[in-house]
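Comments concern the structure below.
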Amino acid sequence: MHAYPEAPPARRRVSRCWRIAAALALVAACGIAPVCRRLETLTRAIPGQRPGYGPRAISPVPNLAAIDRMIWMPGLDDGWNPQGLAFARGSLFVSAYRSLATWKDRGPCRVFRIDPRTGRVTGHFAVPPPCGHAGGLAYAGDGKLFIGDTHTLFETSLGRAFGGGEPKFRIWRMGGGLKGAFAISGQGSIWIGDYQSQGPAMAFKFNLSVLDAHSGRGTLDPRAAAAVVAIPTYAQGGAIGSRGGLWIARSDLGWGALDRLDPASGTRTARYRVAGGIEGIAFDGDGRLWCVSEAGARHQPLRYPFFPLLFRLDPSRLHPASRTTDGVRRG
């Protein structure tokens, strides 16, 4: 989630009212006993470490029927808030920052490695300062994993990071208006995307050769990009499909959507409503789309929905939203 400043008193009052209304809506939804029982059954079957806080069941979310696997985000009780997501070498990788204070959206950064079949954490490493938000994660092939913070890009070797020794990092400063709100994996390249609640927003493609040339040599800016594409507002994550289509995850804590774009023009070809708080997304080798949601992270304990999960979507089972009733922000 894009970092927000400390909320003023008026905003806190509005937020409390909104949370109460959302809780009442959840109670109303769970007046239908079979729905609640099904959600409780699904919740009990989710692998990984279930947090010690929160409701008995995950919240109902749009396109739940398209989800074929769910895993608890690691470290929820300790305050780890998920952001970026990547799939590489048969494993899931999720970047996170640690915060236990409401409205505080920065803290120590970490990358977790997770077995997508069992939900077991198979390793993790810390990302050094100045990382404080870890909004993006991208894999460029050849063992190279990139972590994007708002104004800084980090790169490390998977072999080094999970080989028993201390990971080493290459670090780039971002300038020229480039902001690392999220990152997209590519073969021999990565994309860095911007978050804007009111457009325009852009995603920039950087080839590894360009990153190598800029390593330790000043500032990485949009002029070094190999390609640029316009993206919608509220963008939190992105992925490139097997047929070359660009998928953008858009969200606030109360709503979420996946937009499928033409990568050349940025034109939206489809939109799907999904879980609120959706952040990073990444395709696996079977063409399924893995996603992560921060809705329900510990420093937002009363937010609705409660869905702090990594989850896998079957794109063929997604139902598109109506252009007039999609229920998400425009742009």
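By convention here, the chains of the structure tokens are called A, B, ... in the order presented, each chain's residues are numbered starting at 1, and ligands are numbered starting at 1 in the order presented.
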Go through segment 189-232 of chain A residue by residue and, counting only C-alpha atoms, keep those with an atom at most 10 Å from segment 152-157 of chain A; for each kept residue give the shortest atom pair and its distance in Å to one decimal, ordered by chain and increasing number, as a tab-separated table.
residue	atom	partner	partner_atom	distance
A:Ile192	CA	A:Leu153	CA	9.3
A:Leu211	CA	A:Glu155	CA	9.9
A:Thr219	CA	A:Thr152	CA	9.6
A:Leu220	CA	A:Leu153	CA	9.0
Point to revise | From A:Asp105, A:Asp194, A:Asp221, A:Asp212, residue lying nearest Arg173 of chain A [only C-alpha atoms] | key: A:Asp221
Practice item. Tell me, as a list in words, which residues lie within 9 Å of Pro200 of chain A, counting only C-alpha atoms; anything in the same chain fewer than 2 positions away does not count. Key: Gln196, Ser197, Gln198, Met202, Ala230, Ile231, Pro232, Thr233 and Gly331 of chain A
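Among the candidate residues A:Leu100, A:Ala140, A:Ala275, A:Leu318, the one lying nearest to Phe206 of chain A is A:Ala140, with distances computed using only C-alpha atoms.
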Practice item. Find the residues near Phe306 of chain A: any atom within 9 Å, counting only C-alpha atoms, skip ones fewer than 6 places away on the same chain, and give them as a list in words. Key: Gly54, Pro55, Ala57, Ile58, Ser59, Pro60, Gly276, Glu294, Ala295, Gly296 and Ala297 of chain A
Practice item. Name all residues at most 12 Å from segment 41-49 of chain A (count only C-alpha atoms; drop same-chain ones fewer than 3 positions away) and give them as a PyMOL selection string. Key: chain A and resi 34-38+52-60+64-65+67-78+114-122+306-311
Only N, CA and C atoms, please: the residues just picked out, written as a CSV table (one decimal), in the first residue's frame.
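File produced: part_1.csv:
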chain,number,residue,atom,x,y,z
A,34,PRO,N,-24.8,-20.4,5.9
A,34,PRO,CA,-24.0,-21.3,5.1
A,34,PRO,C,-22.8,-20.6,4.5
A,35,VAL,N,-22.9,-19.3,4.2
A,35,VAL,CA,-21.8,-18.5,3.7
A,35,VAL,C,-20.7,-18.4,4.8
A,36,CYS,N,-21.1,-18.2,6.0
A,36,CYS,CA,-20.1,-18.0,7.1
A,36,CYS,C,-19.4,-19.4,7.4
A,37,ARG,N,-20.2,-20.4,7.4
A,37,ARG,CA,-19.7,-21.8,7.7
A,37,ARG,C,-18.7,-22.1,6.6
A,38,ARG,N,-19.0,-21.8,5.4
A,38,ARG,CA,-18.0,-22.1,4.3
A,38,ARG,C,-16.7,-21.3,4.4
A,52,GLY,N,-2.7,-14.6,15.4
A,52,GLY,CA,-3.4,-14.7,16.7
A,52,GLY,C,-4.4,-13.7,16.9
A,53,TYR,N,-4.7,-12.8,16.0
A,53,TYR,CA,-5.7,-11.7,16.1
A,53,TYR,C,-6.7,-11.9,14.9
A,54,GLY,N,-7.7,-11.0,14.9
A,54,GLY,CA,-8.6,-11.0,13.8
A,54,GLY,C,-9.8,-11.9,14.0
A,55,PRO,N,-10.7,-11.9,13.1
A,55,PRO,CA,-12.0,-12.7,13.2
A,55,PRO,C,-11.7,-14.2,13.0
A,56,ARG,N,-12.8,-14.9,13.2
A,56,ARG,CA,-12.7,-16.4,13.0
A,56,ARG,C,-12.5,-16.8,11.6
A,57,ALA,N,-12.9,-16.0,10.6
A,57,ALA,CA,-12.9,-16.4,9.2
A,57,ALA,C,-12.4,-15.3,8.4
A,58,ILE,N,-11.8,-15.6,7.2
A,58,ILE,CA,-11.5,-14.6,6.2
A,58,ILE,C,-12.8,-14.0,5.7
A,59,SER,N,-12.6,-12.8,5.2
A,59,SER,CA,-13.8,-12.1,4.6
A,59,SER,C,-14.2,-12.6,3.3
A,60,PRO,N,-15.5,-12.5,2.9
A,60,PRO,CA,-15.9,-12.8,1.6
A,60,PRO,C,-15.4,-11.8,0.6
A,64,LEU,N,-14.0,-15.0,-5.4
A,64,LEU,CA,-13.5,-16.0,-4.5
A,64,LEU,C,-13.4,-17.4,-5.2
A,65,ALA,N,-14.4,-17.7,-6.1
A,65,ALA,CA,-14.5,-19.0,-6.8
A,65,ALA,C,-13.3,-19.2,-7.7
A,67,ILE,N,-10.2,-18.5,-6.9
A,67,ILE,CA,-9.0,-18.8,-6.1
A,67,ILE,C,-8.9,-20.3,-5.8
A,68,ASP,N,-7.8,-20.9,-6.2
A,68,ASP,CA,-7.6,-22.3,-6.0
A,68,ASP,C,-6.6,-22.6,-4.9
A,69,ARG,N,-5.9,-21.6,-4.3
A,69,ARG,CA,-5.0,-21.9,-3.3
A,69,ARG,C,-4.8,-20.6,-2.5
A,70,MET,N,-4.7,-20.8,-1.1
A,70,MET,CA,-4.5,-19.6,-0.2
A,70,MET,C,-3.4,-20.0,0.8
A,71,ILE,N,-2.6,-19.0,1.2
A,71,ILE,CA,-1.5,-19.2,2.2
A,71,ILE,C,-1.5,-18.0,3.1
A,72,TRP,N,-1.4,-18.2,4.4
A,72,TRP,CA,-1.3,-17.0,5.3
A,72,TRP,C,0.0,-16.3,5.0
A,73,MET,N,0.0,-15.0,5.0
A,73,MET,CA,1.2,-14.2,4.9
A,73,MET,C,2.0,-14.5,6.2
A,74,PRO,N,3.3,-14.8,6.0
A,74,PRO,CA,4.2,-15.0,7.2
A,74,PRO,C,4.4,-13.8,8.0
A,75,GLY,N,4.6,-14.0,9.3
A,75,GLY,CA,5.0,-13.0,10.3
A,75,GLY,C,3.9,-11.9,10.6
A,76,LEU,N,2.6,-12.3,10.4
A,76,LEU,CA,1.6,-11.3,10.7
A,76,LEU,C,1.6,-10.9,12.2
A,77,ASP,N,1.8,-11.8,13.1
A,77,ASP,CA,1.7,-11.5,14.5
A,77,ASP,C,2.9,-10.5,14.9
A,78,ASP,N,4.0,-10.6,14.1
A,78,ASP,CA,5.1,-9.7,14.4
A,78,ASP,C,5.1,-8.4,13.7
A,114,ILE,N,8.8,-18.7,0.2
A,114,ILE,CA,7.7,-19.6,0.7
A,114,ILE,C,7.5,-20.7,-0.3
A,115,ASP,N,7.2,-21.9,0.2
A,115,ASP,CA,6.9,-23.0,-0.6
A,115,ASP,C,5.4,-22.9,-1.0
A,116,PRO,N,5.1,-22.7,-2.3
A,116,PRO,CA,3.7,-22.5,-2.7
A,116,PRO,C,2.8,-23.7,-2.5
A,117,ARG,N,3.4,-24.9,-2.3
A,117,ARG,CA,2.5,-26.1,-2.1
A,117,ARG,C,2.1,-26.2,-0.6
A,118,THR,N,3.1,-26.0,0.3
A,118,THR,CA,2.8,-26.2,1.7
A,118,THR,C,2.6,-25.0,2.5
A,119,GLY,N,3.0,-23.8,2.0
A,119,GLY,CA,2.9,-22.6,2.7
A,119,GLY,C,4.0,-22.4,3.7
A,120,ARG,N,5.0,-23.3,3.7
A,120,ARG,CA,6.1,-23.2,4.7
A,120,ARG,C,7.1,-22.2,4.3
A,121,VAL,N,7.5,-21.4,5.2
A,121,VAL,CA,8.6,-20.4,5.0
A,121,VAL,C,9.9,-21.1,4.9
A,122,THR,N,10.6,-21.0,3.8
A,122,THR,CA,11.9,-21.7,3.6
A,122,THR,C,13.1,-20.8,3.7
A,306,PHE,N,-10.8,-8.8,5.9
A,306,PHE,CA,-9.7,-9.5,6.6
A,306,PHE,C,-9.3,-10.6,5.7
A,307,PHE,N,-8.1,-10.3,5.0
A,307,PHE,CA,-7.7,-11.2,3.9
A,307,PHE,C,-6.2,-11.1,3.8
A,308,PRO,N,-5.4,-11.2,4.8
A,308,PRO,CA,-3.9,-11.1,4.7
A,308,PRO,C,-3.3,-12.4,4.2
A,309,LEU,N,-3.5,-12.6,3.0
A,309,LEU,CA,-3.1,-13.9,2.4
A,309,LEU,C,-2.3,-13.7,1.1
A,310,LEU,N,-1.5,-14.8,0.8
A,310,LEU,CA,-1.1,-15.0,-0.6
A,310,LEU,C,-2.1,-16.0,-1.2
A,311,PHE,N,-2.6,-15.7,-2.4
A,311,PHE,CA,-3.6,-16.5,-3.0
A,311,PHE,C,-3.4,-16.6,-4.5
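Residues surrounding Leu246 of chain A within 9 Å are Gly238, Ala239, Ile240, Gly241, Gly244, Ile248, Asp259, Arg260, Leu261, Asp262, Pro263 and Gly266 of chain A [only C-alpha atoms; sequence separation below 2 positions excluded].
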Just-selected residues, C-alpha atoms written as a PDB file, in the first residue's frame:
ATOM      1  CA  GLY A 238       1.903  -5.785 -11.877  1.00  0.00           C
ATOM      2  CA  ALA A 239       2.707  -8.915 -13.862  1.00  0.00           C
ATOM      3  CA  ILE A 240       3.236  -9.921 -17.484  1.00  0.00           C
ATOM      4  CA  GLY A 241       1.144 -12.836 -18.741  1.00  0.00           C
ATOM      5  CA  GLY A 244       2.441 -10.656 -23.229  1.00  0.00           C
ATOM      6  CA  ILE A 248      -2.081  -4.321 -12.953  1.00  0.00           C
ATOM      7  CA  ASP A 259      -6.871  -4.544 -14.831  1.00  0.00           C
ATOM      8  CA  ARG A 260      -5.608  -6.298 -17.950  1.00  0.00           C
ATOM      9  CA  LEU A 261      -3.907  -3.830 -20.302  1.00  0.00           C
ATOM     10  CA  ASP A 262      -2.514  -3.722 -23.795  1.00  0.00           C
ATOM     11  CA  PRO A 263       1.193  -3.237 -22.947  1.00  0.00           C
ATOM     12  CA  GLY A 266      -1.975   1.013 -21.885  1.00  0.00           C
TER      13      GLY A 266
END
Exercise for review: Using only C-alpha atoms, determine which residues lie at most 6 Å from Asp314 of chain A, disregarding the query and same-chain residues fewer than 3 positions distant; provide the list as a PyMOL selection string.
Suggested key: chain A and resi 66+288+317
Can you check which residues of segment 122-232 of chain A DSSP gives as strand (DSSP E) on the backbone and send them as a short mmCIF file (atom, residue, chain, number, x, y, z; two decimals) with C-alpha atoms, in the first residue's frame?
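Resulting contents of selection-v1.cif:
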data_model
loop_
_atom_site.label_atom_id
_atom_site.label_comp_id
_atom_site.auth_asym_id
_atom_site.auth_seq_id
_atom_site.Cartn_x
_atom_site.Cartn_y
_atom_site.Cartn_z
CA THR A 122 11.89 -21.73 3.61
CA GLY A 123 14.00 -18.67 4.31
CA HIS A 124 14.14 -14.91 4.59
CA PHE A 125 16.63 -12.06 4.48
CA ALA A 126 16.69 -8.43 5.59
CA VAL A 127 16.95 -5.54 3.14
CA GLY A 136 8.00 -3.87 -5.18
CA LEU A 137 9.64 -7.22 -5.87
CA ALA A 138 10.77 -8.48 -9.28
CA TYR A 139 12.76 -11.39 -10.67
CA LYS A 144 18.65 -11.69 -9.84
CA LEU A 145 15.99 -10.46 -7.40
CA PHE A 146 15.11 -6.75 -7.20
CA ILE A 147 13.43 -4.96 -4.29
CA GLY A 148 11.89 -1.56 -4.97
CA THR A 152 15.72 3.24 -3.92
CA LEU A 153 16.19 0.02 -5.91
CA PHE A 154 18.06 -2.96 -4.44
CA GLU A 155 19.34 -6.09 -6.21
CA THR A 156 20.66 -9.29 -4.70
CA SER A 157 21.49 -12.82 -5.83
CA ARG A 170 23.66 -3.42 -5.39
CA ILE A 171 21.77 -0.18 -4.80
CA TRP A 172 20.45 2.47 -7.18
CA ARG A 173 18.95 5.83 -6.24
CA MET A 174 15.86 6.80 -8.24
CA PHE A 182 5.84 -1.56 -7.33
CA ALA A 183 7.96 -3.73 -9.62
CA ILE A 184 7.22 -6.24 -12.38
CA SER A 185 9.32 -9.29 -13.26
CA SER A 189 14.56 -6.79 -17.40
CA ILE A 190 12.27 -5.36 -14.74
CA TRP A 191 9.51 -2.75 -14.75
CA ILE A 192 9.21 -0.05 -12.10
CA GLY A 193 5.74 1.40 -11.60
CA ALA A 201 0.85 7.13 -13.68
CA MET A 202 3.53 5.27 -15.62
CA ALA A 203 5.53 2.04 -15.60
CA PHE A 204 9.11 2.03 -16.94
CA LYS A 205 11.01 -0.95 -18.32
CA PHE A 206 14.73 -1.22 -17.50
CA ASN A 207 16.98 -3.79 -19.15
CA THR A 219 20.84 8.21 -10.27
CA LEU A 220 18.55 5.93 -12.25
CA ALA A 227 9.85 1.31 -22.74
CA VAL A 228 7.15 3.29 -21.00
CA VAL A 229 3.45 2.48 -20.60
CA ALA A 230 0.60 4.42 -19.04
CA ILE A 231 -1.06 2.62 -16.12
#
Review point. Which value, in Å to one decimal, gives the distance between atom CA of Gly79 of chain A and atom CA of Leu313 of chain A?
Key: 25.8 Å
